[in-house]
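Q: Supplied structure: run26.txt, compact mmCIF, C-alpha atoms.
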```txt
# COMPACT_ATOMS: atom_id res chain seq x y z
CA MET A 19 -29.19 -61.82 32.02
CA GLU A 20 -25.77 -62.72 30.62
CA CYS A 21 -25.25 -62.79 26.83
CA ARG A 22 -23.85 -66.34 27.05
CA LEU A 23 -27.09 -67.63 28.56
CA VAL A 24 -29.15 -65.74 26.00
CA GLU A 25 -27.07 -67.29 23.19
CA GLU A 26 -27.87 -70.76 24.54
CA LYS A 27 -31.55 -69.87 24.64
CA ILE A 28 -31.39 -68.47 21.09
CA GLU A 29 -29.74 -71.68 19.88
CA ALA A 30 -32.47 -73.82 21.45
CA PHE A 31 -35.25 -71.57 20.21
CA VAL A 32 -33.98 -71.40 16.61
CA TYR A 33 -33.45 -75.14 16.15
CA ASP A 34 -36.33 -76.48 18.25
CA LYS A 35 -39.69 -75.30 16.96
CA THR A 36 -41.43 -76.38 20.17
CA ILE A 37 -39.52 -73.83 22.27
CA ARG A 38 -41.06 -70.37 22.70
CA PRO A 39 -38.91 -67.31 23.53
CA ASP A 40 -39.38 -66.06 27.09
CA GLU A 41 -39.94 -62.40 28.05
CA GLU A 42 -36.51 -62.01 29.62
CA MET A 43 -34.81 -63.23 26.47
CA ILE A 44 -36.85 -60.95 24.20
CA GLU A 45 -36.11 -57.96 26.44
CA HIS A 46 -32.37 -58.73 26.42
CA ILE A 47 -32.20 -59.14 22.64
CA ALA A 48 -34.07 -55.88 22.11
CA GLY A 49 -31.36 -54.00 24.01
CA CYS A 50 -28.27 -55.98 22.97
CA THR A 51 -26.80 -55.57 19.49
CA ALA A 52 -24.46 -58.56 19.86
CA CYS A 53 -27.31 -60.93 20.75
CA LYS A 54 -29.47 -59.50 17.96
CA THR A 55 -26.68 -60.24 15.48
CA TYR A 56 -26.26 -63.71 16.99
CA LEU A 57 -29.99 -64.40 16.56
CA LYS A 58 -29.89 -63.37 12.89
CA SER A 59 -26.77 -65.44 12.29
CA CYS A 60 -28.40 -68.52 13.89
CA GLN A 61 -31.62 -68.05 11.95
CA ARG A 62 -29.72 -67.82 8.65
CA ALA A 63 -27.68 -70.93 9.41
CA GLN A 64 -30.81 -72.81 10.46
CA LYS A 65 -32.58 -71.81 7.24
CA ILE A 66 -29.72 -73.02 5.06
CA ILE A 67 -29.50 -76.28 6.99
CA ALA A 68 -33.27 -76.83 6.81
CA ASN A 69 -33.25 -76.15 3.07
CA LEU A 70 -30.31 -78.54 2.64
CA SER A 71 -32.28 -81.17 4.54
CA ARG A 72 -35.30 -80.67 2.28
CA ALA A 73 -33.18 -80.70 -0.89
CA GLU A 74 -33.00 -84.47 -1.22
CA PRO A 75 -30.60 -85.98 -3.73
CA VAL A 76 -32.26 -87.83 -6.57
CA ILE A 77 -31.39 -91.39 -7.61
CA THR A 78 -31.08 -91.51 -11.35
CA PHE A 79 -32.56 -94.81 -12.62
CA PRO A 80 -33.76 -96.18 -9.27
CA GLN A 81 -35.20 -99.27 -10.93
CA GLN A 82 -31.78 -100.02 -12.39
CA LEU A 83 -30.29 -99.84 -8.90
CA THR A 84 -32.90 -102.31 -7.59
CA ASN A 85 -32.23 -104.66 -10.51
CA ASP A 86 -28.46 -104.46 -9.93
CA ILE A 87 -28.94 -105.37 -6.27
CA MET A 88 -31.25 -108.28 -7.09
CA ALA A 89 -28.85 -109.53 -9.79
CA LEU A 90 -26.01 -109.56 -7.27
CA ILE A 91 -28.15 -111.47 -4.79
CA ASP A 92 -28.99 -114.07 -7.43
CA GLU A 93 -25.35 -114.58 -8.38
CA PRO A 94 -23.79 -117.81 -7.05
CA VAL A 95 -20.63 -115.75 -6.43
CA LEU A 96 -22.42 -114.12 -3.52
CA LYS A 97 -22.99 -117.50 -1.90
CA THR A 98 -19.33 -118.38 -2.37
CA SER A 99 -18.24 -115.03 -1.06
CA HIS A 100 -20.61 -115.48 1.86
CA HIS A 101 -18.92 -118.80 2.71
CA GLN A 102 -15.53 -117.21 2.15
CA THR A 103 -16.50 -114.41 4.48
CA ARG A 104 -17.49 -116.92 7.14
CA PHE A 105 -14.26 -118.85 6.62
CA LEU A 106 -12.26 -115.64 6.84
CA ALA A 107 -14.12 -114.64 9.98
CA VAL A 108 -13.29 -118.00 11.62
CA ALA A 109 -9.69 -117.81 10.40
CA ARG A 110 -9.38 -114.29 11.74
CA LYS A 111 -10.68 -115.35 15.16
CA PHE A 112 -8.25 -118.29 15.18
CA LEU A 113 -5.32 -116.04 14.29
CA VAL A 114 -6.26 -113.58 16.99
CA ALA A 115 -6.45 -116.40 19.57
CA ALA A 116 -3.11 -117.84 18.39
CA SER A 117 -1.36 -114.49 18.56
CA VAL A 118 -2.72 -113.84 22.07
CA ALA A 119 -1.53 -117.29 23.21
CA LEU A 120 1.93 -116.74 21.67
CA PHE A 121 2.13 -113.34 23.28
CA ILE A 122 1.33 -114.79 26.73
CA VAL A 123 3.83 -117.67 26.36
CA PHE A 124 6.68 -115.52 25.08
CA SER A 125 6.10 -112.68 27.48
CA GLY A 126 6.02 -115.22 30.37
CA GLU A 127 9.24 -116.81 29.15
CA GLN A 128 10.86 -113.46 28.73
CA TYR A 129 9.74 -112.43 32.21
CA ILE A 130 11.27 -115.57 33.75
CA PHE A 131 14.49 -115.13 31.78
CA VAL A 132 14.83 -111.45 32.65
CA ASP A 133 14.01 -112.22 36.29
CA LYS A 134 16.72 -114.90 36.45
CA LEU A 135 19.19 -112.65 34.73
CA MET A 136 18.51 -109.82 37.15
CA LYS A 137 18.86 -112.11 40.17
CA LEU A 138 22.12 -113.51 38.82
CA GLU A 139 23.45 -110.07 38.09
CA LYS A 140 22.45 -108.88 41.55
CA ASN A 141 24.13 -111.83 43.25
CA LEU A 142 27.32 -111.65 41.23
CA THR A 143 27.77 -107.94 41.73
CA ALA A 144 26.84 -108.02 45.40
CA THR A 145 29.72 -107.22 47.73
CA PRO A 146 29.59 -109.22 50.92
CA ASN A 147 29.44 -107.05 54.03
CA ASN A 148 31.95 -107.39 56.82
CA LYS A 149 29.75 -109.48 59.04
CA GLN A 150 28.98 -112.04 56.32
CA GLY A 151 32.59 -112.14 55.17
CA ALA A 152 33.86 -112.61 58.69
CA GLY A 153 31.35 -115.39 59.36
CA VAL A 154 32.29 -117.33 56.27
CA TYR A 155 35.94 -116.81 56.92
CA LYS A 156 35.59 -118.05 60.47
CA LYS A 157 33.66 -121.10 59.31
CA MET A 158 36.17 -121.85 56.62
CA ILE A 159 39.11 -121.60 58.98
CA SER A 160 37.37 -123.81 61.55
CA TYR A 161 36.46 -126.66 59.24
CA TYR A 162 38.87 -126.47 56.33
CA PRO A 163 42.05 -124.88 57.73
CA GLU A 164 44.48 -126.66 55.43
CA LYS A 165 42.35 -126.88 52.23
CA GLY A 166 42.39 -124.51 49.28
CA LEU A 167 39.61 -122.41 47.68
CA GLN A 168 38.70 -125.17 45.21
CA MET A 169 37.93 -127.51 48.08
CA VAL A 170 35.79 -124.87 49.79
CA LYS A 171 33.83 -124.30 46.58
CA SER A 172 33.10 -127.98 45.98
CA GLU A 173 32.16 -128.51 49.62
CA LEU A 174 29.75 -125.57 49.57
CA ALA A 175 28.25 -126.76 46.26
CA ARG A 176 27.60 -130.15 47.81
CA GLN A 177 25.93 -128.62 50.85
CA VAL A 178 23.79 -125.99 49.09
CA PRO A 179 20.62 -127.32 47.42
CA GLU A 180 19.98 -126.46 43.79
CA SER A 181 17.21 -124.02 44.62
CA LYS A 182 19.69 -121.96 46.63
CA GLN A 183 22.29 -121.82 43.85
CA MET A 184 21.88 -118.07 43.51
CA ASP A 185 22.70 -117.58 47.18
CA PHE A 186 25.48 -120.12 46.81
CA LYS A 187 27.14 -118.01 44.16
CA SER A 188 27.31 -115.08 46.50
CA LEU A 189 28.65 -117.35 49.23
CA ILE A 190 31.38 -118.42 46.85
CA MET A 191 32.24 -114.79 46.26
CA MET A 192 32.35 -114.13 49.97
CA ALA A 193 34.45 -117.21 50.46
CA GLY A 194 36.76 -115.99 47.68
CA TYR A 195 37.19 -112.65 49.41
CA SER A 196 37.73 -114.39 52.73
CA VAL A 197 40.45 -116.67 51.35
CA LEU A 198 42.24 -113.69 49.88
CA ALA A 199 41.93 -111.90 53.18
CA GLY A 200 43.20 -114.99 54.97
CA GLU A 201 46.18 -115.30 52.62
CA GLU A 202 46.96 -111.65 53.11
CA LEU A 203 46.82 -112.06 56.89
CA ALA A 204 49.00 -115.17 56.76
CA ASN A 205 51.55 -113.28 54.59
CA GLN A 206 51.57 -110.39 57.01
CA VAL A 207 52.10 -112.72 59.98
CA LYS A 208 54.85 -114.56 58.09
CA ASN A 209 56.57 -111.29 57.14
CA GLN A 210 56.39 -110.01 60.69
CA THR A 211 57.84 -113.30 62.06
CA SER A 212 60.69 -113.34 59.55
CA SER A 213 61.50 -109.68 60.13
CA LYS A 214 61.50 -110.31 63.91
CA GLN A 215 63.84 -113.32 63.40
CA ASN A 216 66.12 -111.27 61.16
CA LEU A 217 66.16 -108.46 63.68
CA SER A 218 66.94 -110.78 66.55
CA GLY A 219 69.67 -112.54 64.45
CA GLU A 220 71.23 -109.21 63.62
CA MET A 221 71.03 -108.11 67.26
CA ILE A 222 72.72 -111.36 68.37
CA LYS A 223 75.31 -110.89 65.65
CA HIS A 224 76.07 -107.32 66.74
CA HIS A 225 76.06 -108.35 70.34
CA MET B 5 -48.82 -99.86 6.12
CA GLN B 6 -46.48 -100.85 8.98
CA ASN B 7 -48.12 -104.27 9.14
CA HIS B 8 -47.57 -104.68 5.42
CA ILE B 9 -43.89 -103.76 5.80
CA ASN B 10 -43.54 -106.16 8.74
CA SER B 11 -45.05 -108.93 6.64
CA ILE B 12 -42.59 -108.19 3.78
CA ILE B 13 -39.68 -108.22 6.23
CA GLN B 14 -40.86 -111.55 7.65
CA GLN B 15 -41.07 -113.06 4.16
CA ALA B 16 -37.61 -111.71 3.31
CA LYS B 17 -36.28 -113.30 6.51
CA GLU B 18 -37.62 -116.61 5.23
CA GLY B 19 -35.58 -116.16 2.02
CA ASN B 20 -38.29 -114.78 -0.25
CA LYS B 21 -36.42 -112.78 -2.91
CA SER B 22 -39.52 -111.16 -4.30
CA ALA B 23 -40.37 -109.76 -0.86
CA PHE B 24 -36.80 -108.55 -0.52
CA LYS B 25 -37.11 -106.77 -3.88
CA ASN B 26 -40.11 -104.90 -2.46
CA LEU B 27 -38.02 -103.91 0.54
CA VAL B 28 -35.25 -102.63 -1.73
CA ASP B 29 -37.79 -100.66 -3.77
CA HIS B 30 -39.28 -99.12 -0.67
CA TYR B 31 -36.15 -98.30 1.32
CA GLN B 32 -33.41 -97.62 -1.22
CA LYS B 33 -34.33 -93.93 -1.37
CA TYR B 34 -33.73 -93.51 2.38
CA ALA B 35 -30.51 -95.48 2.20
CA PHE B 36 -29.35 -93.41 -0.78
CA ASN B 37 -30.12 -90.09 0.98
CA LEU B 38 -27.99 -91.04 3.97
CA ALA B 39 -25.13 -92.45 1.88
CA PHE B 40 -25.14 -89.36 -0.35
CA ARG B 41 -24.97 -87.00 2.63
CA VAL B 42 -22.01 -88.89 4.06
CA LEU B 43 -20.16 -89.20 0.73
CA TYR B 44 -21.43 -86.14 -1.24
CA ASN B 45 -21.42 -88.11 -4.48
CA GLU B 46 -24.13 -90.01 -6.37
CA GLU B 47 -22.04 -92.85 -7.76
CA ASP B 48 -20.35 -93.59 -4.43
CA ALA B 49 -23.72 -93.41 -2.69
CA LYS B 50 -25.17 -95.91 -5.18
CA ASP B 51 -22.26 -98.30 -4.55
CA VAL B 52 -22.90 -98.02 -0.82
CA VAL B 53 -26.64 -98.68 -1.26
CA GLN B 54 -25.84 -101.76 -3.35
CA ASP B 55 -23.31 -103.11 -0.83
CA SER B 56 -25.61 -102.32 2.07
CA PHE B 57 -28.60 -104.19 0.63
CA ILE B 58 -26.40 -107.21 -0.06
CA LYS B 59 -25.30 -107.12 3.59
CA ILE B 60 -28.95 -106.76 4.60
CA TRP B 61 -29.91 -109.80 2.50
CA ILE B 62 -27.11 -111.89 4.02
CA ASN B 63 -27.96 -110.86 7.58
CA ILE B 64 -31.72 -110.36 7.47
CA LYS B 65 -32.30 -113.67 9.26
CA HIS B 66 -30.50 -112.15 12.27
CA PHE B 67 -32.61 -108.98 12.19
CA ASN B 68 -34.53 -108.50 15.42
CA SER B 69 -38.12 -107.77 14.40
CA GLY B 70 -38.62 -105.94 17.70
CA MET B 71 -36.60 -102.95 16.50
CA PRO B 72 -37.43 -100.61 13.60
CA PHE B 73 -36.10 -101.88 10.28
CA THR B 74 -34.99 -98.36 9.28
CA THR B 75 -32.70 -98.03 12.31
CA TRP B 76 -31.05 -101.37 11.49
CA MET B 77 -30.77 -100.44 7.82
CA TYR B 78 -29.36 -96.97 8.60
CA LYS B 79 -26.69 -98.52 10.80
CA ILE B 80 -25.56 -100.81 7.98
CA VAL B 81 -25.67 -98.00 5.40
CA MET B 82 -23.81 -95.60 7.64
CA ASN B 83 -21.03 -98.05 8.49
CA THR B 84 -20.69 -99.03 4.84
CA ALA B 85 -20.55 -95.36 3.83
CA ILE B 86 -17.91 -94.58 6.45
CA ASP B 87 -15.80 -97.52 5.24
CA LYS B 88 -16.22 -96.36 1.67
CA GLN B 89 -15.17 -92.84 2.58
CA LYS B 90 -12.02 -94.14 4.23
CA SER B 91 -11.09 -95.97 1.05
CA LEU B 92 -11.69 -92.87 -1.09
CA LYS B 93 -8.88 -90.38 -1.30
CA ARG B 94 -10.68 -88.11 -3.71
CA PHE B 95 -9.78 -84.47 -3.59
CA GLU B 96 -12.36 -82.20 -5.17
CA TRP B 97 -11.70 -78.53 -5.11
CA VAL B 98 -14.83 -76.39 -5.00
CA LYS B 99 -14.33 -72.74 -5.92
CA GLU B 100 -15.39 -70.15 -3.34
CA ASP B 101 -17.40 -68.21 -5.96
CA GLU B 102 -19.30 -71.34 -6.87
CA ILE B 103 -20.15 -72.01 -3.22
CA LEU B 104 -21.40 -68.46 -2.69
CA ASN B 105 -23.73 -68.85 -5.69
CA LEU B 106 -24.94 -72.24 -4.45
CA LEU B 107 -25.64 -70.82 -0.99
CA THR B 108 -27.66 -68.02 -2.51
CA THR B 109 -29.66 -70.63 -4.40
CA ILE B 110 -30.18 -72.82 -1.35
CA GLU B 111 -31.33 -69.83 0.71
CA CYS B 112 -34.11 -68.94 -1.69
CA ASP B 113 -37.38 -70.78 -1.27
CA GLY B 114 -38.70 -70.61 -4.83
CA PRO B 115 -39.36 -73.62 -7.09
CA ASP B 116 -36.45 -72.60 -9.37
CA CYS B 117 -34.01 -72.86 -6.51
CA ARG B 118 -33.38 -76.59 -6.78
CA LEU B 119 -29.85 -77.89 -6.77
CA ASP B 120 -28.78 -80.92 -8.76
CA ASN B 121 -26.96 -83.79 -7.05
CA GLU B 122 -23.51 -82.45 -7.87
CA GLN B 123 -24.29 -78.97 -6.54
CA LEU B 124 -25.96 -80.34 -3.43
CA GLY B 125 -22.97 -82.62 -2.77
CA SER B 126 -20.59 -79.65 -3.17
CA VAL B 127 -22.49 -77.51 -0.63
CA ILE B 128 -22.73 -80.27 1.99
CA LYS B 129 -19.07 -81.14 1.49
CA LYS B 130 -17.99 -77.52 1.76
CA ILE B 131 -19.83 -76.83 4.98
CA ALA B 132 -19.58 -80.21 6.75
CA ASP B 133 -16.40 -81.90 5.58
CA GLU B 134 -14.08 -80.03 7.93
CA LEU B 135 -16.06 -80.99 11.03
CA PRO B 136 -14.59 -83.67 13.29
CA GLU B 137 -16.02 -87.10 12.36
CA LYS B 138 -18.46 -87.42 15.29
CA GLN B 139 -19.79 -83.91 14.89
CA ARG B 140 -20.15 -84.41 11.14
CA LEU B 141 -22.12 -87.64 11.55
CA VAL B 142 -24.34 -86.23 14.30
CA PHE B 143 -25.03 -83.16 12.14
CA ILE B 144 -25.83 -85.27 9.05
CA LEU B 145 -28.11 -87.65 10.94
CA ARG B 146 -29.84 -85.10 13.12
CA ASP B 147 -30.08 -81.95 10.98
CA LEU B 148 -29.90 -83.17 7.40
CA GLN B 149 -31.44 -86.62 7.72
CA ASP B 150 -33.84 -85.29 10.38
CA LEU B 151 -33.63 -88.41 12.54
CA GLU B 152 -34.85 -88.52 16.13
CA SER B 153 -32.17 -87.93 18.75
CA SER B 154 -32.75 -91.42 20.21
CA VAL B 155 -32.11 -93.00 16.79
CA VAL B 156 -28.88 -91.01 16.39
CA GLU B 157 -27.78 -92.19 19.84
CA GLU B 158 -28.38 -95.79 18.81
CA LEU B 159 -26.74 -95.47 15.39
CA LEU B 160 -23.57 -93.86 16.71
CA ASP B 161 -23.51 -95.57 20.13
CA LEU B 162 -23.45 -92.20 21.84
CA SER B 163 -25.18 -90.92 24.95
CA GLU B 164 -27.89 -88.28 24.80
CA THR B 165 -25.50 -85.69 26.25
CA SER B 166 -22.81 -86.55 23.74
CA VAL B 167 -25.23 -86.21 20.81
CA LYS B 168 -26.39 -82.83 22.14
CA ALA B 169 -22.84 -81.57 22.69
CA ASN B 170 -21.61 -82.73 19.27
CA LEU B 171 -24.62 -81.18 17.57
CA TYR B 172 -24.14 -77.90 19.44
CA HIS B 173 -20.48 -77.65 18.44
CA ALA B 174 -21.22 -78.64 14.84
CA ARG B 175 -23.92 -75.97 14.57
CA GLN B 176 -21.58 -73.35 16.05
CA VAL B 177 -18.87 -74.16 13.50
CA LEU B 178 -21.38 -74.12 10.63
CA ARG B 179 -22.92 -70.86 11.83
CA LYS B 180 -19.51 -69.18 11.85
CA LYS B 181 -18.66 -70.62 8.45
CA LEU B 182 -21.95 -69.49 6.93
CA GLU B 183 -21.50 -66.09 8.58
CA SER B 184 -18.14 -65.66 6.84
CA TYR B 185 -19.70 -66.71 3.51
CA GLY B 186 -22.48 -64.18 4.19
CA GLU B 187 -19.91 -61.41 4.59
CA GLN B 188 -18.24 -62.43 1.32
CA GLN B 189 -21.65 -62.40 -0.40
CA ARG B 190 -22.32 -58.87 0.90
CA ARG B 191 -18.93 -57.65 -0.34
CA ARG B 192 -19.60 -58.86 -3.91
```
For this file, produce the structure as structure tokens.
A:
Amino acid sequence: MECRLVEEKIEAFVYDKTIRPDEEMIEHIAGCTACKTYLKSCQRAQKIIANLSRAEPVITFPQQLTNDIMALIDEPVLKTSHHQTRFLAVARKFLVAASVALFIVFSGEQYIFVDKLMKLEKNLTATPNNKQGAGVYKKMISYYPEKGLQMVKSELARQVPESKQMDFKSLIMMAGYSVLAGEELANQVKNQTSSKQNLSGEMIKHH
Amino acid sequence: MQNHINSIIQQAKEGNKSAFKNLVDHYQKYAFNLAFRVLYNEEDAKDVVQDSFIKIWINIKHFNSGMPFTTWMYKIVMNTAIDKQKSLKRFEWVKEDEILNLLTTIECDGPDCRLDNEQLGSVIKKIADELPEKQRLVFILRDLQDLESSVVEELLDLSETSVKANLYHARQVLRKKLESYGEQQRRR
């Protein structure tokens, strides 16, 4: 039998007077110094604890204590304090409810605000991909070939419903990029044409 | 006797102050014992008994006559004592020599081996105060107050297993502590 199990049995036997030691336990303790010491240590602790339990503290002037309690019960202050306690209890419950309600409202508001902010940030920082940019550019060239960016913006704003304003902002960005790209392309074409004209003029001149 | 007590409790529930006075007379000793063992001090324990009986008077109409009055009373006393202890920041140093002498006294079984309230409070404080709160309360209720395990479970809202485990650990700590005091006593 392991010492750990014997210790558990010793513990139960020492503190519970209804438990009798079994043969195996007695045999083990007889041959094991550590468990013998443990038994003695437990018995001493149990004796001190039992004596402490029996040594009851004494109330000096118990009748005085009873009279003090009864005097406090008779005092009208107790009634007032009882009402105050009830009022405070109700007030406390009300404050708890109010703080919970405020917490829900403000956390909801904050959630909506943060959500909007994140969407806005996402849309404004989003870079349109080539396909989107090309599509918008194509559209813009088809329908508004001679109009400027301002016109494109106002036209898109008119067409996009309010609920899609977030998407609209990204469309504006894409449109912005597309216009710049268009201007760049137009400049390149113009430069190429003028350089061709110059070259042909020079060639004619030389010729 | 129990019928008589039940009748007094019923009268107190109906607002009879004289019946309540009888209740106070009969139960204040039990309330004081518990409060003293939690607080280790007579004056604090008396304050707790006073506050507890006022709470009992205010709430006695809500007392469920189906349960033992002592369990209900102990719960109020214990909670009041715990609150009181939290508000007290008293630091009382007990000398090691003094404790060794007190333990020798408490170990002897003779009629001259009685400890006064102050000495008793010092011994309980010295051996139990360093226990974690749950273990300390389980030890006080189960071993010092000698309450049934089921009552301790109800008073502390603990399961049977939890009470057993806390009591086991508390006894282990106390055994080791008392063992070390025993060695010091032998060296003297």
Q: Can you work out which residues from chain A touch chain B at a cut-off of 9 Å (counting only C-alpha atoms) and hand them back as a VMD selection string?
A: chain A and resid 29 59 to 60 62 to 78 80 to 81 83 to 88 90 to 92 96 100
Q: Rounded to one decimal in Å, what is the spacing between CA of Ile130 (chain A) and CA of Val114 (chain A)?
A: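 That distance, rounded to one decimal, is 24.3 Å.
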Q: Would you mind reading off the distance between CA of Lys130 (chain B) and CA of Tyr185 (chain B), one decimal, in Å?
A: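 Separation of CA of Lys130 (chain B) and CA of Tyr185 (chain B): 11.1 Å.
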Q: Could you give me, as a list in words, the residues within 10 Å of Ala52 (chain A), counting only C-alpha atoms and dropping anything in the same chain fewer than 5 positions from it?
A: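 The residues satisfying every condition are Cys21, Glu25, Ile47 and Leu57 of chain A.
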Q: Rank nothing, just name the residue among B:Ser154, B:Asn20, B:Gln14, B:Ser126 nearest to Val98 (chain B), using all atoms listed in the file.
A: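 Looking at the shortest contact to Val98 (chain B), the residue is B:Ser126.
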Q: Find the distance between CA of Ala35 (chain B) and CA of Ile64 (chain B) and write it in Å to one decimal.
A: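 Answer for the CA of Ala35 (chain B) to CA of Ile64 (chain B) separation: 15.8 Å.
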Q: Between B:Leu92, B:Leu104, B:Val142, B:Ile86, which residue has the minimum interatomic distance to Val155 (chain B), considering all atoms listed in the file?
A: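 Of B:Leu92, B:Leu104, B:Val142, B:Ile86, the one nearest Val155 (chain B), counting all atoms listed in the file, is B:Val142.
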Q: Would you kindly place N, CA and C atoms on region 60-82 of chain B and return the model as a CSV table (one decimal), in the frame of the given file?
A:
```csv
chain,number,residue,atom,x,y,z
B,60,ILE,N,-27.6,-106.6,4.0
B,60,ILE,CA,-29.0,-106.8,4.6
B,60,ILE,C,-29.5,-108.1,4.2
B,61,TRP,N,-29.4,-108.5,3.0
B,61,TRP,CA,-29.9,-109.8,2.5
B,61,TRP,C,-29.2,-111.0,3.2
B,62,ILE,N,-27.9,-110.8,3.4
B,62,ILE,CA,-27.1,-111.9,4.0
B,62,ILE,C,-27.5,-112.0,5.5
B,63,ASN,N,-27.7,-110.9,6.1
B,63,ASN,CA,-28.0,-110.9,7.6
B,63,ASN,C,-29.4,-110.7,8.0
B,64,ILE,N,-30.3,-110.7,7.1
B,64,ILE,CA,-31.7,-110.4,7.5
B,64,ILE,C,-32.3,-111.4,8.4
B,65,LYS,N,-31.8,-112.6,8.3
B,65,LYS,CA,-32.3,-113.7,9.3
B,65,LYS,C,-31.9,-113.4,10.7
B,66,HIS,N,-30.9,-112.5,10.9
B,66,HIS,CA,-30.5,-112.2,12.3
B,66,HIS,C,-31.2,-110.9,12.7
B,67,PHE,N,-32.0,-110.2,11.8
B,67,PHE,CA,-32.6,-109.0,12.2
B,67,PHE,C,-33.7,-109.2,13.3
B,68,ASN,N,-33.6,-108.4,14.3
B,68,ASN,CA,-34.5,-108.5,15.4
B,68,ASN,C,-35.8,-107.7,15.1
B,69,SER,N,-36.9,-108.4,14.8
B,69,SER,CA,-38.1,-107.8,14.4
B,69,SER,C,-38.7,-106.8,15.4
B,70,GLY,N,-38.1,-106.8,16.7
B,70,GLY,CA,-38.6,-105.9,17.7
B,70,GLY,C,-38.2,-104.5,17.5
B,71,MET,N,-37.1,-104.3,16.7
B,71,MET,CA,-36.6,-103.0,16.5
B,71,MET,C,-37.0,-102.4,15.1
B,72,PRO,N,-37.0,-101.1,14.9
B,72,PRO,CA,-37.4,-100.6,13.6
B,72,PRO,C,-36.4,-101.0,12.5
B,73,PHE,N,-37.0,-101.4,11.4
B,73,PHE,CA,-36.1,-101.9,10.3
B,73,PHE,C,-35.2,-100.7,9.8
B,74,THR,N,-35.8,-99.5,9.8
B,74,THR,CA,-35.0,-98.4,9.3
B,74,THR,C,-33.7,-98.1,10.1
B,75,THR,N,-33.9,-98.3,11.5
B,75,THR,CA,-32.7,-98.0,12.3
B,75,THR,C,-31.6,-99.0,12.0
B,76,TRP,N,-32.0,-100.3,11.8
B,76,TRP,CA,-31.0,-101.4,11.5
B,76,TRP,C,-30.4,-101.1,10.1
B,77,MET,N,-31.3,-100.7,9.2
B,77,MET,CA,-30.8,-100.4,7.8
B,77,MET,C,-29.8,-99.2,7.8
B,78,TYR,N,-30.2,-98.2,8.5
B,78,TYR,CA,-29.4,-97.0,8.6
B,78,TYR,C,-28.0,-97.3,9.2
B,79,LYS,N,-28.0,-98.2,10.2
B,79,LYS,CA,-26.7,-98.5,10.8
B,79,LYS,C,-25.8,-99.2,9.8
B,80,ILE,N,-26.4,-100.1,9.0
B,80,ILE,CA,-25.6,-100.8,8.0
B,80,ILE,C,-25.1,-99.8,6.9
B,81,VAL,N,-26.0,-99.0,6.5
B,81,VAL,CA,-25.7,-98.0,5.4
B,81,VAL,C,-24.6,-97.0,5.9
B,82,MET,N,-24.8,-96.6,7.1
B,82,MET,CA,-23.8,-95.6,7.6
B,82,MET,C,-22.4,-96.2,7.8
```
